Every structure is written in C-alpha cells, then in structure tokens.
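Peer 1: Below is structure_14.cif; it holds mmCIF, C-alpha atoms and all ligand atoms.
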data_work
#
loop_
_atom_site.label_atom_id
_atom_site.label_comp_id
_atom_site.auth_asym_id
_atom_site.auth_seq_id
_atom_site.Cartn_x
_atom_site.Cartn_y
_atom_site.Cartn_z
CA MET I 1 -164.81 -114.60 128.89
CA ARG I 2 -167.61 -112.16 129.59
CA VAL I 3 -165.09 -109.51 130.64
CA ARG I 4 -163.22 -109.96 127.36
CA LEU I 5 -166.42 -109.53 125.33
CA LEU I 6 -167.27 -106.36 127.22
CA ALA I 7 -163.77 -105.01 126.63
CA LEU I 8 -164.20 -105.75 122.93
CA ALA I 9 -167.54 -103.93 122.85
CA VAL I 10 -166.00 -100.88 124.55
CA LEU I 11 -163.14 -100.94 122.04
CA PHE I 12 -165.53 -100.94 119.07
CA GLN I 13 -167.48 -98.03 120.53
CA ALA I 14 -164.28 -96.06 121.10
CA ALA I 15 -163.19 -96.72 117.51
CA ALA I 16 -166.56 -95.54 116.21
CA ALA I 17 -166.52 -92.37 118.30
CA ALA I 18 -162.93 -91.24 117.64
CA ALA I 19 -163.23 -90.52 113.93
CA ASP I 20 -162.41 -86.82 113.82
CA GLN I 21 -159.26 -86.47 111.74
CA SER I 22 -156.21 -84.28 111.88
CA VAL I 23 -154.03 -83.45 108.91
CA GLY I 24 -150.51 -82.13 109.10
CA ILE I 25 -149.70 -79.24 106.77
CA GLY I 26 -146.11 -80.03 106.01
CA PRO I 27 -143.42 -80.88 106.71
CA GLY I 28 -142.61 -80.01 103.13
CA LEU I 29 -145.17 -79.11 100.50
CA ALA I 30 -147.76 -81.73 101.37
CA PHE I 31 -150.88 -82.45 103.37
CA ASN I 32 -150.24 -85.44 105.56
CA PRO I 33 -152.20 -87.62 105.03
CA PRO I 34 -153.40 -86.23 101.68
CA THR I 35 -156.79 -87.98 101.97
CA VAL I 36 -158.95 -88.36 105.07
CA VAL I 37 -162.39 -89.89 105.48
CA VAL I 38 -164.90 -88.58 108.00
CA ALA I 39 -168.57 -89.18 108.71
CA PRO I 40 -171.10 -86.34 108.56
CA GLY I 41 -170.79 -84.23 111.71
CA GLU I 42 -167.10 -84.96 112.16
CA THR I 43 -164.29 -82.45 112.15
CA VAL I 44 -161.02 -82.22 110.28
CA THR I 45 -158.30 -80.18 111.99
CA TRP I 46 -155.30 -79.03 110.00
CA ILE I 47 -152.10 -78.44 111.96
CA TRP I 48 -149.35 -76.30 110.45
CA GLN I 49 -145.94 -77.98 110.74
CA ASP I 50 -144.49 -75.63 108.17
CA ALA I 51 -145.28 -72.25 106.58
CA PRO I 52 -146.60 -70.45 104.70
CA HIS I 53 -149.53 -72.66 103.70
CA SER I 54 -153.33 -72.72 103.65
CA SER I 55 -156.15 -75.23 103.59
CA THR I 56 -158.60 -73.94 101.00
CA SER I 57 -161.48 -75.86 99.43
CA ASP I 58 -161.51 -76.09 95.65
CA ALA I 59 -165.21 -75.26 95.85
CA THR I 60 -166.14 -71.63 96.35
CA SER I 61 -169.83 -72.43 96.74
CA GLY I 62 -171.84 -75.44 97.83
CA PRO I 63 -172.31 -77.34 101.08
CA GLU I 64 -168.65 -77.46 102.20
CA VAL I 65 -166.52 -74.38 101.62
CA TRP I 66 -163.57 -73.42 103.80
CA ASN I 67 -160.48 -71.28 103.68
CA SER I 68 -158.00 -71.07 106.52
CA GLY I 69 -156.07 -68.26 104.90
CA VAL I 70 -152.28 -68.44 104.80
CA GLN I 71 -151.03 -69.43 108.26
CA ALA I 72 -147.74 -69.95 110.05
CA THR I 73 -146.23 -72.95 111.84
CA GLY I 74 -148.19 -73.92 114.94
CA ALA I 75 -151.53 -72.66 113.63
CA THR I 76 -154.59 -74.90 113.56
CA PHE I 77 -157.81 -74.67 111.57
CA SER I 78 -160.89 -76.87 111.80
CA HIS I 79 -163.90 -77.49 109.61
CA THR I 80 -166.83 -79.72 110.53
CA PHE I 81 -168.26 -81.57 107.54
CA GLN I 82 -171.98 -82.29 107.28
CA THR I 83 -172.69 -83.30 103.69
CA PRO I 84 -171.48 -86.59 102.15
CA GLY I 85 -169.24 -86.13 99.13
CA ASP I 86 -165.64 -85.64 98.01
CA TYR I 87 -164.11 -82.25 98.84
CA PRO I 88 -160.75 -81.54 97.21
CA TYR I 89 -158.70 -78.69 98.60
CA TYR I 90 -155.36 -77.01 98.01
CA CYS I 91 -152.75 -74.65 99.40
CA LEU I 92 -153.17 -71.08 98.19
CA VAL I 93 -149.41 -70.52 98.13
CA HIS I 94 -148.24 -73.72 96.42
CA SER I 95 -151.05 -75.08 94.28
CA PHE I 96 -154.46 -74.40 92.74
CA PRO I 97 -157.94 -75.99 92.57
CA GLY I 98 -157.73 -79.32 90.75
CA GLY I 99 -153.93 -79.35 90.98
CA THR I 100 -151.85 -82.34 91.91
CA PHE I 101 -149.07 -80.66 93.86
CA MET I 102 -150.06 -79.40 97.29
CA ASN I 103 -153.59 -80.74 97.18
CA GLY I 104 -155.69 -82.88 99.48
CA LEU I 105 -159.07 -84.55 99.69
CA VAL I 106 -161.67 -84.83 102.43
CA ARG I 107 -164.18 -87.60 101.79
CA VAL I 108 -167.37 -87.38 103.84
CA ALA I 109 -169.08 -90.76 103.91
CA GLN I 110 -171.78 -92.34 106.02
CA PRO I 111 -170.08 -94.78 108.37
CA THR I 112 -170.35 -98.41 107.45
CA ALA I 113 -172.11 -100.59 109.99
CA THR I 114 -169.85 -101.12 112.98
CA PRO I 115 -169.68 -104.66 114.23
CA THR I 116 -171.63 -104.94 117.45
CA VAL I 117 -170.66 -107.48 120.04
CA THR I 118 -173.51 -108.82 122.12
CA PRO I 119 -172.27 -110.32 125.38
CA THR I 120 -173.49 -113.88 125.60
CA ARG I 121 -173.24 -116.61 128.20
CA PRO I 122 -169.94 -118.44 127.92
CA PRO I 123 -170.46 -121.86 126.31
CA THR I 124 -170.84 -124.77 128.71
CA PRO I 125 -167.79 -127.02 128.36
CA LEU I 126 -168.68 -130.37 126.81
CA PRO I 127 -167.73 -133.36 128.97
CA GLY I 128 -164.57 -134.83 127.49
CA GLY I 129 -164.05 -131.79 125.30
CA PRO I 130 -160.83 -129.81 125.29
CA ALA I 131 -162.22 -127.32 127.82
CA ALA I 132 -162.64 -130.19 130.33
CA ILE I 133 -158.87 -130.79 130.54
CA PRO I 134 -157.71 -129.16 133.74
CA SER I 135 -154.57 -127.11 133.73
CA LEU I 136 -152.16 -128.49 136.29
CA SER I 137 -149.66 -126.80 138.51
CA GLY I 138 -146.03 -127.99 138.61
CA ALA I 139 -146.79 -130.31 141.54
CA GLY I 140 -149.90 -131.58 139.76
CA ARG I 141 -147.88 -132.41 136.66
CA LEU I 142 -145.29 -134.23 138.78
CA LEU I 143 -148.02 -136.28 140.50
CA LEU I 144 -149.66 -137.09 137.15
CA GLY I 145 -146.28 -138.13 135.75
CA LEU I 146 -145.62 -140.39 138.77
CA ALA I 147 -149.10 -141.92 138.51
CA LEU I 148 -148.62 -142.63 134.78
CA ALA I 149 -145.18 -144.13 135.45
CA ALA I 150 -146.63 -146.33 138.21
CA ALA I 151 -149.43 -147.44 135.88
CA ALA I 152 -146.88 -148.26 133.17
CA VAL I 153 -144.76 -150.32 135.59
CA LEU I 154 -147.88 -152.12 136.78
CA LEU I 155 -149.00 -152.88 133.19
CA LEU I 156 -145.50 -154.11 132.25
CA SER I 157 -145.38 -156.39 135.27
CA PHE I 158 -148.68 -157.97 134.20
CA ALA I 159 -147.71 -158.24 130.53
CA ARG I 160 -144.27 -159.82 131.10
CA PRO I 161 -144.45 -163.64 131.18
CA ARG I 162 -143.02 -165.12 134.38
CU CU I 201 -148.35 -74.56 100.79
#
Can the structure in the file be given as structure tokens, please?

Peer 2:
Amino acid sequence: MRVRLLALAVLFQAAAAAADQSVGIGPGLAFNPPTVVVAPGETVTWIWQDAPHSSTSDATSGPEVWNSGVQATGATFSHTFQTPGDYPYYCLVHSFPGGTFMNGLVRVAQPTATPTVTPTRPPTPLPGGPAAIPSLSGAGRLLLGLALAAAAVLLLSFARPR
C-alpha cells in the first residue's frame, strides 16, 4: 500500500516536471499539434519533418518574439517562454500573422495545482470487514470446501427425523 502511494507520488512529480513541449513542423503544411501549453520557464522545440518552413511569432515586439528562419527537414529550433499569455505564430513560407493556414499557438500559463499525495499509514483492517477475509490457496479452498460439506452433512443428520 505504502509502496503504491510512493509510486503515485513519483508519477505526479514526473508529470509535473516533463512539461516542455515539442511541435512537429509538417508533415504537410501544419504545426503538429497546432496548440501547445507550457508553464513559464518551459521550452517549446519545433522539429522539421518537412521543408521549407519556419516558426515565426506573430509578434515582432514584446516579451516573446522568435523566428527560426526558413529551415530544412531535420532542423530543430527552441524557444523558452517566460511570460504568461497567448503567442500565435506562423510559417513565413506558407502563411502570415493572424492567418489560419499554417499557424500555431503557444499558450504560456501558470501550472494549475498538481495533486500531491501524502503517504499515510495503511488503514487498520476492521474485524469482520472485507479486509479480514483471508485469501486462500488451492489447498486451503479444498479444505474449506470439505469442512463446509462436513458441516452440512452433520446439520442434515441432526435435522432429519429418525
Ligand atoms: Cu510552411
């Protein structure tokens, strides 16, 4: 029980830590996925699956401005986002700022509270409760079955009028 809770806690921490995002550029004329969400301080990495394309912020001034330039298949480009907000971007070759064709969005948002799991003592089984039923091996089940059958035969022999 305790081991399972610890494993759960480790899982939640891993999920909270691994929030950098990667976006495929292509295949085709698309960012995949078109929208990603990161927390401040996290990085988006674009990976070219197709060419020629770019990842270029709509904004040309402000807290988050980036431009990969036009790159070829196999290229990567990263930008680390610090300021919460919505940052639309586009491909220089196939779209334009505010377009709806080869456009994407990076949303930078403060992370919502992650559930924390506090390891606690396993509950004490209540006498007679379901946790008090022992699990039996095959031989144990056979013995229990024989005992119940013997009890039934005994009860029937008492109940039957002679
Ligand atoms: Cu493109």

Peer 1: At a cut-off of 6 Å, using all atoms listed in the file, what residues contact region 73-89 of chain I? Leave out same-chain residues fewer than 4 positions from it and give the result as a ChimeraX atom specification.

Peer 2: /I:40-51,56-58,103-109

Peer 1: How about saving the chosen residues, C-alpha atoms kept, as a PDB file, in the frame of the given file?

Peer 2:
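Final output, out-v9.pdb:
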ATOM      1  CA  PRO I  40    -171.100 -86.340 108.560  1.00  0.00           C
ATOM      2  CA  GLY I  41    -170.790 -84.230 111.710  1.00  0.00           C
ATOM      3  CA  GLU I  42    -167.100 -84.960 112.160  1.00  0.00           C
ATOM      4  CA  THR I  43    -164.290 -82.450 112.150  1.00  0.00           C
ATOM      5  CA  VAL I  44    -161.020 -82.220 110.280  1.00  0.00           C
ATOM      6  CA  THR I  45    -158.300 -80.180 111.990  1.00  0.00           C
ATOM      7  CA  TRP I  46    -155.300 -79.030 110.000  1.00  0.00           C
ATOM      8  CA  ILE I  47    -152.100 -78.440 111.960  1.00  0.00           C
ATOM      9  CA  TRP I  48    -149.350 -76.300 110.450  1.00  0.00           C
ATOM     10  CA  GLN I  49    -145.940 -77.980 110.740  1.00  0.00           C
ATOM     11  CA  ASP I  50    -144.490 -75.630 108.170  1.00  0.00           C
ATOM     12  CA  ALA I  51    -145.280 -72.250 106.580  1.00  0.00           C
ATOM     13  CA  THR I  56    -158.600 -73.940 101.000  1.00  0.00           C
ATOM     14  CA  SER I  57    -161.480 -75.860  99.430  1.00  0.00           C
ATOM     15  CA  ASP I  58    -161.510 -76.090  95.650  1.00  0.00           C
ATOM     16  CA  ASN I 103    -153.590 -80.740  97.180  1.00  0.00           C
ATOM     17  CA  GLY I 104    -155.690 -82.880  99.480  1.00  0.00           C
ATOM     18  CA  LEU I 105    -159.070 -84.550  99.690  1.00  0.00           C
ATOM     19  CA  VAL I 106    -161.670 -84.830 102.430  1.00  0.00           C
ATOM     20  CA  ARG I 107    -164.180 -87.600 101.790  1.00  0.00           C
ATOM     21  CA  VAL I 108    -167.370 -87.380 103.840  1.00  0.00           C
ATOM     22  CA  ALA I 109    -169.080 -90.760 103.910  1.00  0.00           C
TER      23      ALA I 109
END

Peer 1: Hey, can you check how far atom CU of ligand CU 201 (chain I) sits from CA of Val65 (chain I)?

Peer 2: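 One can read the atom CU of ligand CU 201 (chain I) to CA of Val65 (chain I) distance as 18.2 Å.
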
Peer 1: Around ligand CU 201 (chain I), which protein and nucleic acid residues have at least one atom no more than 6 Å from it, if we count only C-alpha atoms and all ligand atoms? List them as a list in words.

Peer 2: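 Selection of residues at most 6 Å from ligand CU 201 (chain I): Leu29, Pro52, His53, Cys91, Val93 and His94 of chain I.
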
Peer 1: How would the residues just chosen look if you wrote them out with C-alpha atoms as a PDB file, in the frame of the given file?

Peer 2:
ATOM      1  CA  LEU I  29    -145.170 -79.110 100.500  1.00  0.00           C
ATOM      2  CA  PRO I  52    -146.600 -70.450 104.700  1.00  0.00           C
ATOM      3  CA  HIS I  53    -149.530 -72.660 103.700  1.00  0.00           C
ATOM      4  CA  CYS I  91    -152.750 -74.650  99.400  1.00  0.00           C
ATOM      5  CA  VAL I  93    -149.410 -70.520  98.130  1.00  0.00           C
ATOM      6  CA  HIS I  94    -148.240 -73.720  96.420  1.00  0.00           C
TER       7      HIS I  94
END

Peer 1: Using CA of Met102 (chain I) and CA of Asp20 (chain I) as the two end points, give the distance in Å to one decimal.

Peer 2: 21.9 Å

Peer 1: As an exercise, work out the distance from CA of Gln71 (chain I) to CA of Ala39 (chain I) in Å and give it to one decimal place.

Peer 2: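 Atom-to-atom, CA of Gln71 (chain I) to CA of Ala39 (chain I), that is 26.4 Å.
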
Peer 1: Considering only C-alpha atoms, return as a list in words whatever protein or nucleic-acid residues lie within 6 Å of Ser54 (chain I), sequence-local ones (same chain, fewer than 3 positions apart) excluded.

Peer 2: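 Close residues of Ser54 (chain I): Ser68, Gly69, Val70, Cys91 and Leu92 of chain I.
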
Peer 1: Starting from the sparse input, extend region 98-126 of chain I to N, CA and C atoms and give the output as a tab-separated table (two decimals), keeping the file's coordinate frame.

Peer 2:
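Okay, this is what ended up in out.tsv:
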chain	number	residue	atom	x	y	z
I	98	GLY	N	-157.89	-78.27	91.75
I	98	GLY	CA	-157.73	-79.32	90.75
I	98	GLY	C	-156.29	-79.67	90.49
I	99	GLY	N	-155.35	-79.05	91.19
I	99	GLY	CA	-153.93	-79.35	90.98
I	99	GLY	C	-153.56	-80.70	91.58
I	100	THR	N	-152.32	-81.06	91.37
I	100	THR	CA	-151.85	-82.34	91.91
I	100	THR	C	-150.60	-82.14	92.74
I	101	PHE	N	-150.31	-80.90	93.13
I	101	PHE	CA	-149.07	-80.66	93.86
I	101	PHE	C	-149.34	-80.61	95.36
I	102	MET	N	-149.71	-79.45	95.87
I	102	MET	CA	-150.06	-79.40	97.29
I	102	MET	C	-151.57	-79.38	97.39
I	103	ASN	N	-152.14	-80.59	97.19
I	103	ASN	CA	-153.59	-80.74	97.18
I	103	ASN	C	-153.98	-81.89	98.08
I	104	GLY	N	-155.19	-81.83	98.60
I	104	GLY	CA	-155.69	-82.88	99.48
I	104	GLY	C	-157.15	-83.16	99.19
I	105	LEU	N	-157.67	-84.16	99.89
I	105	LEU	CA	-159.07	-84.55	99.69
I	105	LEU	C	-159.68	-84.93	101.04
I	106	VAL	N	-160.86	-84.37	101.29
I	106	VAL	CA	-161.67	-84.83	102.43
I	106	VAL	C	-162.87	-85.56	101.85
I	107	ARG	N	-163.01	-86.82	102.22
I	107	ARG	CA	-164.18	-87.60	101.79
I	107	ARG	C	-165.12	-87.71	102.99
I	108	VAL	N	-166.36	-87.28	102.78
I	108	VAL	CA	-167.37	-87.38	103.84
I	108	VAL	C	-168.29	-88.52	103.44
I	109	ALA	N	-168.31	-89.56	104.26
I	109	ALA	CA	-169.08	-90.76	103.91
I	109	ALA	C	-169.83	-91.24	105.15
I	110	GLN	N	-171.04	-91.72	104.93
I	110	GLN	CA	-171.78	-92.34	106.02
I	110	GLN	C	-170.96	-93.51	106.53
I	111	PRO	N	-170.87	-93.67	107.85
I	111	PRO	CA	-170.08	-94.78	108.37
I	111	PRO	C	-170.71	-96.11	107.98
I	112	THR	N	-169.86	-97.06	107.69
I	112	THR	CA	-170.35	-98.41	107.45
I	112	THR	C	-170.75	-99.00	108.79
I	113	ALA	N	-171.61	-99.98	108.74
I	113	ALA	CA	-172.11	-100.59	109.99
I	113	ALA	C	-170.93	-101.08	110.82
I	114	THR	N	-170.91	-100.66	112.07
I	114	THR	CA	-169.85	-101.12	112.98
I	114	THR	C	-170.27	-102.47	113.54
I	115	PRO	N	-169.31	-103.37	113.63
I	115	PRO	CA	-169.68	-104.66	114.23
I	115	PRO	C	-170.08	-104.47	115.69
I	116	THR	N	-171.21	-105.02	116.05
I	116	THR	CA	-171.63	-104.94	117.45
I	116	THR	C	-171.40	-106.30	118.09
I	117	VAL	N	-170.93	-106.25	119.31
I	117	VAL	CA	-170.66	-107.48	120.04
I	117	VAL	C	-171.69	-107.58	121.15
I	118	THR	N	-172.52	-108.61	121.08
I	118	THR	CA	-173.51	-108.82	122.12
I	118	THR	C	-172.92	-109.80	123.13
I	119	PRO	N	-172.78	-109.37	124.39
I	119	PRO	CA	-172.27	-110.32	125.38
I	119	PRO	C	-173.22	-111.50	125.52
I	120	THR	N	-172.67	-112.67	125.46
I	120	THR	CA	-173.49	-113.88	125.60
I	120	THR	C	-172.93	-114.72	126.74
I	121	ARG	N	-173.73	-115.71	127.17
I	121	ARG	CA	-173.24	-116.61	128.20
I	121	ARG	C	-172.09	-117.41	127.62
I	122	PRO	N	-171.04	-117.60	128.42
I	122	PRO	CA	-169.94	-118.44	127.92
I	122	PRO	C	-170.45	-119.85	127.66
I	123	PRO	N	-169.97	-120.52	126.61
I	123	PRO	CA	-170.46	-121.86	126.31
I	123	PRO	C	-170.12	-122.83	127.44
I	124	THR	N	-171.07	-123.75	127.70
I	124	THR	CA	-170.84	-124.77	128.71
I	124	THR	C	-169.84	-125.77	128.16
I	125	PRO	N	-168.76	-126.05	128.88
I	125	PRO	CA	-167.79	-127.02	128.36
I	125	PRO	C	-168.43	-128.39	128.18
I	126	LEU	N	-168.17	-129.02	127.05
I	126	LEU	CA	-168.68	-130.37	126.81
I	126	LEU	C	-167.86	-131.35	127.62
